[in-house]
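Trainee: Provided herewith is a single structure, encoded as structure tokens, for subsequent inquiry.
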There are 2 protein chains.
Amino acid sequence: MVEEKDLALLVDLYELTMAQAYWAESMDDTAVFSLFFRKLPPHRNFMLACGQQHIARIIESLRFSQEHIDRLRGMDRFDDDFLDWLRRFRFTGSIHALPEGTPVFPQEPLLEVEAPIAEAQLLETLVMNYVHLETVLASKAARLALAADGRPVIDFGTRRMHGLDAAYRGIRAFRMGGLTGTSNVLGGLDFDLPVRGTMAHSFVQACADEMAAFRAYARLYPGTTLLVDTYDTESAVADIIDWLKAEPDVDIGAIRLDSGDMAEQAFHCRRMLDEAGLTQIRILASGGLDEYSIAEYRRNDVPLDGFGVGTAVGVSNDAPTLELAYKLTEYAGRPRMKNSPGKQSYPGRKQVYRCQDSAGRSIGDRITHREEAADGTPLLVPTLRAGRVVANAIAPLADAVAYCHEAVTALPEAQRQLDDAEPYPVTISDRLKDLQAHTLERVRPHPPAPDD
Amino acid sequence: MVEEKDLALLVDLYELTMAQAYWAESMDDTAVFSLFFRKLPPHRNFMLACGQQHIARIIESLRFSQEHIDRLRGMDRFDDDFLDWLRRFRFTGSIHALPEGTPVFPQEPLLEVEAPIAEAQLLETLVMNYVHLETVLASKAARLALAADGRPVIDFGTRRMHGLDAAYRGIRAFRMGGLTGTSNVLGGLDFDLPVRGTMAHSFVQACADEMAAFRAYARLYPGTTLLVDTYDTESAVADIIDWLKAEPDVDIGAIRLDSGDMAEQAFHCRRMLDEAGLTQIRILASGGLDEYSIAEYRRNDVPLDGFGVGTAVGVSNDAPTLELAYKLTEYAGRPRMKNSPGKQSYPGRKQVYRCQDSAGRSIGDRITHREEAADGTPLLVPTLRAGRVVANAIAPLADAVAYCHEAVTALPEAQRQLDDAEPYPVTISDRLKDLQAHTLERVRPHPPAPDD
């Protein structure tokens, strides 16, 4: 598997060929690259910026080893002097980033990298891959948490997540987005998200019979959750009720439904349990759940006390990607932009101001040039300066989670709904618009065609 | 980031609690777990089994370290004697698996694990996570290769892939599925897939003007590809033509289009280049491509000579998951199954036979009990015995890629199309059906309701 020491080579080839070209052309002025997206993915009213501060630590220690250099030499594209430059590579630039857990909208930079152009270019793939994963997964988790409206949502997605890094760092993103637990032992322990788990059908199948399985778990794990749909849910619940009547000291915390008509079964099981006086036994649901089904259960007061979500959260199944762009916006002190159809962007280094009303509700953002003042709270903060992580710039995870919860709670009601909302108001400062118009004039090599 | 030494903890908690329950109940008979899926994901006529042999090496060396044990002890769920058992854990069982690159269909085991039940249960998450990723990505890559019908398809997906492990092992899966190159340096070098790359818009933007960028690349990289849509595609191509007329020795291999109406531009650029006598300059496309757009270009003879694909292949965007199941099918010599609605499976250990007609075309599969004979070629082979990888069981990657290409080529025409096809014929042997009926009778705790 890939190791941290090899991250410098986890790069798209063109970053290395461009870096060599900059080196060959003696282009070493400061560049500003901005990481942003042009539109929200389907079914998203906001994204949660995540991973964009954490990457600062990776960048701080990024090095090309002699082994890397030897492998690159074998590709027959690189000059020895350039390879020497790579061998000595240390990132010397700075990064401004949104605090992790900040709701973010189109055109707003998640981070900006300022550095000699070859250095900044070399980071492109790693920055994008790193921030993309956590941003996509945290954003999906936030929707599940909003849908569950206070009921616990546990991540069961590890088996469907794309590889081991996703299955690990994803747990951090899930905590950021508001999930309350995970089945993933390593991720849960490392990122301090409660680790939860019950039993699989295989356990029930392997035991002499269903009740033998239930008894074994109850003995070992007081307050355990019993999986009741291996053979027949109603029979299983009836058997549990008979058992607990005979042995009232047995401590069963919950039953778990994993197939069939979840709402119908939940009402039925709740009634059976309540009539037997077992009102303290909770009912948990899993199996193909997503934010829509959870919201529907909540709307209909289906007596489900918690939700285990796998596939939907594990890959953010309805929107597994975000079209993050890492774009040059300034070089050698001059604003830069491209003019590709549908892909125009705003040049220059930027700041994002978030405005709140007197009740603390976020009412709109303004994207400005970095040096402009505006109303509201400036969101981008320095996380790396002269290649070193800024002291205290990266909040402890628990603080970031609390900040995130507060920031999501402060969003307008429409943004906190699952259905597509009117866009959150984001305006562009006049200075940025002027800069775009002037830059466009300068970069356009020929006058526009009449129908342009 | 997650390290190989920590993989034993990258496990769903319930595997550990079940393992402890098996241990506590002295249940240590042999179990058979089968990894399969019940239905194809949307838009898939086959899946390519991938990663299921490779995981054998991971399992062979899987260990719980003292640090793992200490962390588990801190969770207050595990008995010291069980933790000692975990500390001594070595997988002692066997695995049968499809050769990597085998087209696989619903109900067919990608692999079967046989081992003392606690050992086999402990592997669940890791086996699923590992095989899932490569199977999903290889299957998507195969569709792109089929759509391109012999034209090169290059992976540009690293930035959108879910984390670093996906961005690494995914390259192996792309090669299996038939992609011809990747932009990912580390993955390409390690998995022997040609590494390709051109330039980003940022390079053009940073240079004094577009032609300065083109000249710099042509000097450094003879035969290079020039990105022509930064400002205005037609102007860029006209400038290239003027340049090459003046300096005919300059070696430009291709131009790349990355936005706008790709077909229209390709025809237009092709005409411009051809009229200038530059017929040898190829035209490459990238930017939001998938198998459907590529097939459409090929159908309409759009003069595109190669395709760079990012998001679509990086996460298999239209079907990012496969509902793989890891199910107990036998324990202590007795077949096992569950009876959950819509989730019945076939008990017992199995074999898959693939039948071909006299022209070498695959015409159907038969799933049998492992000990049954049937017509056709048996596909599952032992990859691990008594905990050790079977010598020569894991084909070198180049051989697996060749085998995969042959196996996909041998599929019926309908399965090789992008549109949904009639299912490939897969039959279940009478012995398995009987076993299912008898097992169902045994495990059903109560007689079925009248409307069951």
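Ordering of the structure tokens sets the chain letters (A, B, ...); residue numbers start at 1 within each chain; ligands are numbered from 1 in the order shown.
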Hey, list the chain B side of the contact with chain A: 6 Å cut-off, only C-alpha atoms, answer as JSON, numbers by chain.
Mentor: {"B": [9, 10, 11, 12, 13, 14, 125, 128, 129, 133, 159, 160, 162, 163, 164, 165, 166, 183, 184, 185, 186, 197, 198, 199, 202, 229, 230, 231, 260, 328, 338, 339, 340, 341]}
Trainee: Would you mind exporting C-alpha atoms of the selected residues as a PDB file, in the first residue's frame?
Mentor:
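part_11.pdb written:
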```pdb
ATOM      1  CA  LEU B   9      -7.668  -2.676  13.515  1.00  0.00           C
ATOM      2  CA  LEU B  10      -9.297  -1.437  10.291  1.00  0.00           C
ATOM      3  CA  VAL B  11     -12.205  -3.661  11.160  1.00  0.00           C
ATOM      4  CA  ASP B  12     -15.851  -3.196  12.058  1.00  0.00           C
ATOM      5  CA  LEU B  13     -16.273  -3.575  15.795  1.00  0.00           C
ATOM      6  CA  TYR B  14     -18.812  -6.363  15.453  1.00  0.00           C
ATOM      7  CA  THR B 125     -14.242  -5.658   6.518  1.00  0.00           C
ATOM      8  CA  MET B 128     -14.676  -6.355   1.401  1.00  0.00           C
ATOM      9  CA  ASN B 129     -12.979  -2.969   1.402  1.00  0.00           C
ATOM     10  CA  LEU B 133     -12.428  -0.789  -4.601  1.00  0.00           C
ATOM     11  CA  ARG B 159      -7.439  14.318  -7.869  1.00  0.00           C
ATOM     12  CA  ARG B 160     -11.039  13.074  -7.518  1.00  0.00           C
ATOM     13  CA  HIS B 162     -11.289   8.913  -2.609  1.00  0.00           C
ATOM     14  CA  GLY B 163      -8.059   9.254  -0.735  1.00  0.00           C
ATOM     15  CA  LEU B 164      -4.531   8.119  -1.313  1.00  0.00           C
ATOM     16  CA  ASP B 165      -5.022   4.348  -1.276  1.00  0.00           C
ATOM     17  CA  ALA B 166      -7.698   4.569  -3.974  1.00  0.00           C
ATOM     18  CA  SER B 183      -1.336  10.729 -15.159  1.00  0.00           C
ATOM     19  CA  ASN B 184      -0.452   9.271 -11.730  1.00  0.00           C
ATOM     20  CA  VAL B 185       3.330   8.971 -11.472  1.00  0.00           C
ATOM     21  CA  LEU B 186       3.621   6.599  -8.504  1.00  0.00           C
ATOM     22  CA  GLY B 197       0.679  14.210 -18.969  1.00  0.00           C
ATOM     23  CA  THR B 198       0.530  17.467 -20.839  1.00  0.00           C
ATOM     24  CA  MET B 199       0.194  20.922 -19.311  1.00  0.00           C
ATOM     25  CA  SER B 202      -2.053  27.505 -15.230  1.00  0.00           C
ATOM     26  CA  ASP B 229      -8.440  26.108 -24.879  1.00  0.00           C
ATOM     27  CA  THR B 230      -7.068  28.452 -22.240  1.00  0.00           C
ATOM     28  CA  TYR B 231      -8.228  31.581 -24.057  1.00  0.00           C
ATOM     29  CA  GLY B 260     -16.723  23.589 -25.016  1.00  0.00           C
ATOM     30  CA  LEU B 328     -21.692 -17.445   6.017  1.00  0.00           C
ATOM     31  CA  LYS B 338     -30.491 -16.394   6.216  1.00  0.00           C
ATOM     32  CA  ASN B 339     -34.096 -15.787   5.324  1.00  0.00           C
ATOM     33  CA  SER B 340     -34.300 -11.993   5.342  1.00  0.00           C
ATOM     34  CA  PRO B 341     -36.696 -10.582   2.736  1.00  0.00           C
TER      35      PRO B 341
END
```
Trainee: Tell me which of A:Pro378, A:Pro116, A:Gly51, A:Gly348 sits closest to Lys433 in chain A, counting only C-alpha atoms.
Mentor: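 Residue with the minimum atom-to-atom distance to Lys433 in chain A: A:Gly348.
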Trainee: Report as a ChimeraX atom specification all protein, DNA and RNA residues lying within 9 Å of Arg175 in chain A, evaluated on only C-alpha atoms, omitting residues in the same chain fewer than 5 positions from it.
Mentor: /A:138,141,170,180-182,191-193,397,401
Trainee: Output N, CA and C atoms of each residue in that selection to a file, as a PDB file, in the first residue's frame.
Mentor:
```
ATOM      1  N   ALA A 138     -17.656  14.726   4.609  1.00  0.00           N
ATOM      2  CA  ALA A 138     -18.218  15.530   5.703  1.00  0.00           C
ATOM      3  C   ALA A 138     -19.548  16.145   5.282  1.00  0.00           C
ATOM      4  N   ALA A 141     -22.211  13.541   5.445  1.00  0.00           N
ATOM      5  CA  ALA A 141     -22.518  13.245   6.849  1.00  0.00           C
ATOM      6  C   ALA A 141     -23.411  14.331   7.438  1.00  0.00           C
ATOM      7  N   GLY A 170     -11.908   9.113   6.340  1.00  0.00           N
ATOM      8  CA  GLY A 170     -13.347   9.354   6.235  1.00  0.00           C
ATOM      9  C   GLY A 170     -14.017   9.452   7.594  1.00  0.00           C
ATOM     10  N   THR A 180     -22.625  10.316  14.926  1.00  0.00           N
ATOM     11  CA  THR A 180     -22.437  10.134  16.365  1.00  0.00           C
ATOM     12  C   THR A 180     -21.643   8.888  16.702  1.00  0.00           C
ATOM     13  N   GLY A 181     -21.312   8.080  15.699  1.00  0.00           N
ATOM     14  CA  GLY A 181     -20.524   6.890  15.976  1.00  0.00           C
ATOM     15  C   GLY A 181     -20.072   6.247  14.685  1.00  0.00           C
ATOM     16  N   THR A 182     -19.199   5.260  14.810  1.00  0.00           N
ATOM     17  CA  THR A 182     -18.717   4.515  13.650  1.00  0.00           C
ATOM     18  C   THR A 182     -18.476   3.070  14.056  1.00  0.00           C
ATOM     19  N   PHE A 191      -9.842   9.090  15.909  1.00  0.00           N
ATOM     20  CA  PHE A 191     -10.519  10.375  15.747  1.00  0.00           C
ATOM     21  C   PHE A 191     -11.606  10.583  16.797  1.00  0.00           C
ATOM     22  N   ASP A 192     -11.552   9.750  17.815  1.00  0.00           N
ATOM     23  CA  ASP A 192     -12.377   9.942  18.995  1.00  0.00           C
ATOM     24  C   ASP A 192     -13.865  10.016  18.679  1.00  0.00           C
ATOM     25  N   LEU A 193     -14.293   9.133  17.791  1.00  0.00           N
ATOM     26  CA  LEU A 193     -15.718   8.988  17.498  1.00  0.00           C
ATOM     27  C   LEU A 193     -16.128   7.647  18.125  1.00  0.00           C
ATOM     28  N   LEU A 397      -9.452  18.710  16.838  1.00  0.00           N
ATOM     29  CA  LEU A 397     -10.628  18.189  16.140  1.00  0.00           C
ATOM     30  C   LEU A 397     -11.923  18.490  16.893  1.00  0.00           C
ATOM     31  N   VAL A 401     -15.127  20.415  15.363  1.00  0.00           N
ATOM     32  CA  VAL A 401     -16.453  19.801  15.288  1.00  0.00           C
ATOM     33  C   VAL A 401     -17.503  20.743  15.907  1.00  0.00           C
TER      34      VAL A 401
END
```
Trainee: For Val237 in chain B, work out the shell of residues within 10 Å, counting only C-alpha atoms and skipping chain neighbours fewer than 3 positions away, then give it as JSON, numbers by chain.
Mentor: {"B": [226, 227, 228, 229, 232, 233, 234, 240, 241, 242, 243, 255, 268, 269, 270, 272, 273]}
Trainee: According to DSSP computed on the backbone, where in range 215-373 of chain A is there strand (DSSP E)? Give the residues as a PyMOL selection string.
Mentor: chain A and resi 224-227+252-257+282-286+306-309+324-331+334-335+350-356+362-369
Trainee: Using CA of Ala437 in chain A and CA of Arg349 in chain A as the two end points, give the distance in Å to one decimal.
Mentor: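 Rounded to one decimal, the two atoms are 15.6 Å apart.
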Trainee: Going by DSSP on the backbone, which residues of range 28-91 of chain A come out as helix (DSSP H, G or I)? List them as an MDAnalysis selection string.
Mentor: chainID A and resid 54:60 66:73 80:87
Trainee: Extract, using only C-alpha atoms, all DNA, RNA and protein residues at most 6 Å from range 403-419 of chain B, discarding same-chain residues fewer than 3 positions from it, and format them as a PyMOL selection string.
Mentor: chain B and resi 45+101-102+361-362+400
Trainee: Next, the residues of the selection above should be written as a short mmCIF file (atom, residue, chain, number, x, y, z; two decimals), in the first residue's frame with N, CA, C and O atoms.
Mentor:
```cif
data_model
loop_
_atom_site.label_atom_id
_atom_site.label_comp_id
_atom_site.auth_asym_id
_atom_site.auth_seq_id
_atom_site.Cartn_x
_atom_site.Cartn_y
_atom_site.Cartn_z
N ASN B 45 -23.16 -4.52 -17.18
CA ASN B 45 -23.55 -5.83 -17.69
C ASN B 45 -22.63 -6.94 -17.19
O ASN B 45 -22.90 -8.11 -17.41
N GLY B 101 -9.38 -10.24 -12.87
CA GLY B 101 -9.72 -9.90 -14.24
C GLY B 101 -10.83 -10.76 -14.81
O GLY B 101 -11.20 -10.60 -15.97
N THR B 102 -11.40 -11.65 -13.99
CA THR B 102 -12.51 -12.49 -14.46
C THR B 102 -13.82 -11.69 -14.46
O THR B 102 -14.17 -11.11 -13.44
N ARG B 361 -16.55 -18.24 -27.50
CA ARG B 361 -17.42 -17.21 -26.91
C ARG B 361 -18.04 -17.76 -25.63
O ARG B 361 -18.55 -18.88 -25.63
N SER B 362 -18.00 -17.01 -24.55
CA SER B 362 -18.63 -17.45 -23.30
C SER B 362 -20.14 -17.43 -23.47
O SER B 362 -20.70 -16.40 -23.88
N ALA B 400 -2.38 -11.25 -15.81
CA ALA B 400 -3.77 -11.04 -15.42
C ALA B 400 -4.46 -10.07 -16.38
O ALA B 400 -5.62 -10.26 -16.75
#
```
